[in-house]
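Asks: My structure is stored as structure.cif, with mmCIF, C-alpha atoms.
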data_model
#
loop_
_atom_site.label_atom_id
_atom_site.label_comp_id
_atom_site.auth_asym_id
_atom_site.auth_seq_id
_atom_site.Cartn_x
_atom_site.Cartn_y
_atom_site.Cartn_z
CA MET A 1 -2.91 38.45 21.46
CA THR A 2 -1.81 34.91 20.59
CA ARG A 3 -0.25 32.39 22.92
CA THR A 4 3.28 31.23 22.04
CA ASP A 5 5.52 28.47 23.29
CA LEU A 6 8.72 29.23 25.16
CA ASP A 7 10.71 29.20 21.92
CA GLY A 8 8.47 31.90 20.42
CA THR A 9 6.49 29.70 18.04
CA LYS A 10 2.76 29.27 18.06
CA PRO A 11 1.48 25.91 19.26
CA PRO A 12 -0.41 23.88 16.66
CA ARG A 13 -4.11 24.55 16.53
CA THR A 14 -6.42 21.84 17.83
CA PRO A 15 -8.51 20.40 14.99
CA SER A 16 -12.21 19.94 15.53
CA ALA A 17 -14.26 16.81 14.84
CA GLU A 18 -15.52 18.48 11.68
CA ASP A 19 -11.92 19.04 10.53
CA PHE A 20 -11.13 15.36 11.02
CA ALA A 21 -14.29 14.32 9.14
CA ALA A 22 -13.45 16.65 6.26
CA VAL A 23 -9.88 15.36 6.04
CA GLN A 24 -11.06 11.75 6.18
CA ALA A 25 -13.26 12.42 3.14
CA SER A 26 -10.50 14.24 1.26
CA PRO A 27 -8.75 12.74 -1.78
CA GLN A 28 -5.38 13.12 -0.04
CA PHE A 29 -6.45 10.94 2.89
CA GLN A 30 -8.08 8.40 0.57
CA GLU A 31 -4.82 8.14 -1.39
CA LEU A 32 -2.84 7.68 1.84
CA ARG A 33 -5.18 4.92 2.96
CA ASN A 34 -5.15 3.23 -0.45
CA ARG A 35 -1.36 3.24 -0.63
CA LEU A 36 -1.16 1.68 2.83
CA ARG A 37 -3.67 -1.00 1.92
CA ARG A 38 -1.92 -1.79 -1.39
CA PHE A 39 1.21 -2.59 0.59
CA VAL A 40 -0.15 -4.19 3.76
CA PHE A 41 -2.76 -6.59 2.38
CA PRO A 42 -0.56 -8.34 -0.23
CA MET A 43 2.39 -8.49 2.16
CA THR A 44 0.19 -9.96 4.89
CA ALA A 45 -1.26 -12.55 2.51
CA LEU A 46 2.22 -13.48 1.30
CA PHE A 47 3.58 -13.90 4.82
CA LEU A 48 0.57 -15.86 6.08
CA THR A 49 0.82 -18.19 3.06
CA TRP A 50 4.53 -18.68 3.74
CA TYR A 51 3.86 -19.33 7.44
CA LEU A 52 0.96 -21.71 6.76
CA GLY A 53 3.15 -23.60 4.29
CA TYR A 54 5.83 -23.95 6.95
CA VAL A 55 3.32 -25.21 9.54
CA LEU A 56 1.75 -27.67 7.09
CA LEU A 57 5.14 -28.99 6.04
CA GLY A 58 6.05 -29.43 9.71
CA ALA A 59 2.80 -31.26 10.39
CA TYR A 60 2.56 -33.48 7.31
CA ALA A 61 5.99 -33.70 5.62
CA HIS A 62 8.14 -35.01 8.45
CA ASP A 63 10.59 -36.78 6.16
CA PHE A 64 11.10 -33.71 4.01
CA MET A 65 11.56 -31.41 7.00
CA ALA A 66 14.02 -33.89 8.55
CA THR A 67 16.20 -33.97 5.43
CA GLU A 68 19.70 -33.05 6.53
CA VAL A 69 21.33 -30.26 4.56
CA VAL A 70 24.66 -29.79 6.35
CA GLY A 71 25.58 -31.84 9.41
CA ASN A 72 22.71 -31.67 11.90
CA VAL A 73 21.06 -28.75 10.08
CA ASN A 74 17.88 -29.91 8.35
CA VAL A 75 15.34 -28.36 6.00
CA GLY A 76 12.90 -27.67 8.86
CA LEU A 77 15.50 -25.66 10.75
CA LEU A 78 16.40 -23.64 7.66
CA LEU A 79 12.74 -22.92 6.90
CA GLY A 80 12.18 -21.93 10.54
CA LEU A 81 15.10 -19.53 10.40
CA GLY A 82 13.64 -18.29 7.11
CA GLN A 83 10.52 -17.28 9.04
CA PHE A 84 12.59 -14.97 11.22
CA LEU A 85 14.52 -13.65 8.24
CA SER A 86 11.35 -12.94 6.27
CA THR A 87 9.90 -11.06 9.24
CA PHE A 88 12.92 -8.76 9.33
CA VAL A 89 12.84 -8.29 5.55
CA ILE A 90 9.13 -7.42 5.59
CA THR A 91 9.72 -4.97 8.44
CA ALA A 92 12.58 -3.31 6.57
CA CYS A 93 10.45 -3.08 3.41
CA TYR A 94 7.59 -1.53 5.34
CA VAL A 95 9.86 1.04 7.03
CA ARG A 96 11.32 2.02 3.68
CA PHE A 97 7.84 2.20 2.11
CA ALA A 98 6.43 4.23 5.01
CA ASN A 99 9.34 6.68 5.00
CA LYS A 100 9.06 7.20 1.25
CA GLU A 101 5.32 6.98 0.57
CA LEU A 102 3.25 7.29 3.74
CA ASP A 103 5.06 9.65 6.09
CA PRO A 104 5.25 12.64 3.69
CA ARG A 105 1.54 12.34 2.92
CA ALA A 106 0.60 11.93 6.58
CA ALA A 107 2.79 14.92 7.51
CA ALA A 108 1.08 17.07 4.87
CA ILE A 109 -2.33 16.12 6.24
CA ARG A 110 -1.19 16.78 9.82
CA ASN A 111 0.26 20.16 8.84
CA TYR A 112 -3.00 21.04 7.14
CA LEU A 113 -5.00 20.10 10.25
CA GLU A 114 -2.70 21.84 12.73
CA GLY A 115 -1.96 24.89 10.59
CA GLU A 116 -3.91 28.09 10.74
CA ARG A 117 -6.58 28.44 8.10
CA ALA A 118 -8.84 31.36 7.46
#
Have the structure of the file written as structure tokens, please.

Replies:
Amino acid sequence: MTRTDLDGTKPPRTPSAEDFAAVQASPQFQELRNRLRRFVFPMTALFLTWYLGYVLLGAYAHDFMATEVVGNVNVGLLLGLGQFLSTFVITACYVRFANKELDPRAAAIRNYLEGERA
């Protein structure tokens, strides 16, 4: 006799350490990991370069950063606001990428691990 949840469905099976090791070595998991890395590493490098540029400009290009654009709004303020904007854009890009590329693959791997296999 099998145990069922209150709604009549079977609970997911608990994967063993061997199951996790086998999945980690599988081509599906390697592809998932590679797709994540191909997005995260370049995006991180781009953002850190952008942030470092902002910090260096603030430290060494005072006159440029103090250049007024409109009224009391200067280049430094606009670049600082650009840091916040770029953070939101990167987050939105990652969410879109994860929903489209990562989540379906991760769900397939999870279903494989939790499903019943002979």

Asks: Take the PyMOL selection byres ((chain A and resi 51) around 12), apply it to the structure above, and return the hits as a count of residues only.

Replies: 22

Asks: Hey, can you check how far CA of Arg35 (chain A) sits from CA of Thr14 (chain A)?

Replies: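 Answer for the CA of Arg35 (chain A) to CA of Thr14 (chain A) separation: 26.7 Å.
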
Asks: Compare A:Phe20, A:Tyr94, A:Phe88, A:Tyr60 by their minimum atom-to-atom distance to Arg37 (chain A), counting only C-alpha atoms, and give me the closest one.

Replies: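 Between A:Phe20, A:Tyr94, A:Phe88, A:Tyr60, the residue approaching Arg37 (chain A) most closely is A:Tyr94.
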
Asks: What does the structure give for the distance between CA of Pro15 (chain A) and CA of Pro27 (chain A), in Å to one decimal?

Replies: 18.4 Å

Asks: Could you tell me how far CA of Arg33 (chain A) lies from CA of Leu102 (chain A), in Å and to one decimal?

Replies: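 Computing the Euclidean distance for CA of Arg33 (chain A) and CA of Leu102 (chain A) yields 8.8 Å.
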
Asks: Give me the result of the PyMOL selection byres ((chain A and resi 13) around 9) on this file, residue by residue, as an mmCIF file with C-alpha atoms, in the frame of the given file.

Replies:
data_model
loop_
_atom_site.group_PDB
_atom_site.id
_atom_site.type_symbol
_atom_site.label_atom_id
_atom_site.label_comp_id
_atom_site.auth_asym_id
_atom_site.auth_seq_id
_atom_site.Cartn_x
_atom_site.Cartn_y
_atom_site.Cartn_z
ATOM 1 C CA LYS A 10 2.760 29.270 18.060
ATOM 2 C CA PRO A 11 1.480 25.910 19.260
ATOM 3 C CA PRO A 12 -0.410 23.880 16.660
ATOM 4 C CA THR A 14 -6.420 21.840 17.830
ATOM 5 C CA PRO A 15 -8.510 20.400 14.990
ATOM 6 C CA LEU A 113 -5.000 20.100 10.250
ATOM 7 C CA GLU A 114 -2.700 21.840 12.730
ATOM 8 C CA GLY A 115 -1.960 24.890 10.590
ATOM 9 C CA GLU A 116 -3.910 28.090 10.740
#

Asks: Might you pull out every residue within 12 Å of Val23 (chain A), with all atoms listed in the file counted and same-chain residues fewer than 6 positions away left off, and present them as a ChimeraX atom specification?

Replies: /A:15-17,29-33,106,108-114

Asks: Would you list the residues near (17.9, -30.8, 8.0), meaning any protein, DNA or RNA residue with an atom at most 12 Å from that point in file coordinates, counting all atoms listed in the file, as an mmCIF file with C-alpha atoms, in the frame of the given file?

Replies:
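After the write, point21.cif holds the following:
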data_model
loop_
_atom_site.group_PDB
_atom_site.id
_atom_site.type_symbol
_atom_site.label_atom_id
_atom_site.label_comp_id
_atom_site.auth_asym_id
_atom_site.auth_seq_id
_atom_site.Cartn_x
_atom_site.Cartn_y
_atom_site.Cartn_z
ATOM 1 C CA HIS A 62 8.140 -35.010 8.450
ATOM 2 C CA ASP A 63 10.590 -36.780 6.160
ATOM 3 C CA PHE A 64 11.100 -33.710 4.010
ATOM 4 C CA MET A 65 11.560 -31.410 7.000
ATOM 5 C CA ALA A 66 14.020 -33.890 8.550
ATOM 6 C CA THR A 67 16.200 -33.970 5.430
ATOM 7 C CA GLU A 68 19.700 -33.050 6.530
ATOM 8 C CA VAL A 69 21.330 -30.260 4.560
ATOM 9 C CA VAL A 70 24.660 -29.790 6.350
ATOM 10 C CA GLY A 71 25.580 -31.840 9.410
ATOM 11 C CA ASN A 72 22.710 -31.670 11.900
ATOM 12 C CA VAL A 73 21.060 -28.750 10.080
ATOM 13 C CA ASN A 74 17.880 -29.910 8.350
ATOM 14 C CA VAL A 75 15.340 -28.360 6.000
ATOM 15 C CA GLY A 76 12.900 -27.670 8.860
ATOM 16 C CA LEU A 77 15.500 -25.660 10.750
ATOM 17 C CA LEU A 78 16.400 -23.640 7.660
ATOM 18 C CA LEU A 79 12.740 -22.920 6.900
ATOM 19 C CA GLY A 80 12.180 -21.930 10.540
ATOM 20 C CA LEU A 81 15.100 -19.530 10.400
#
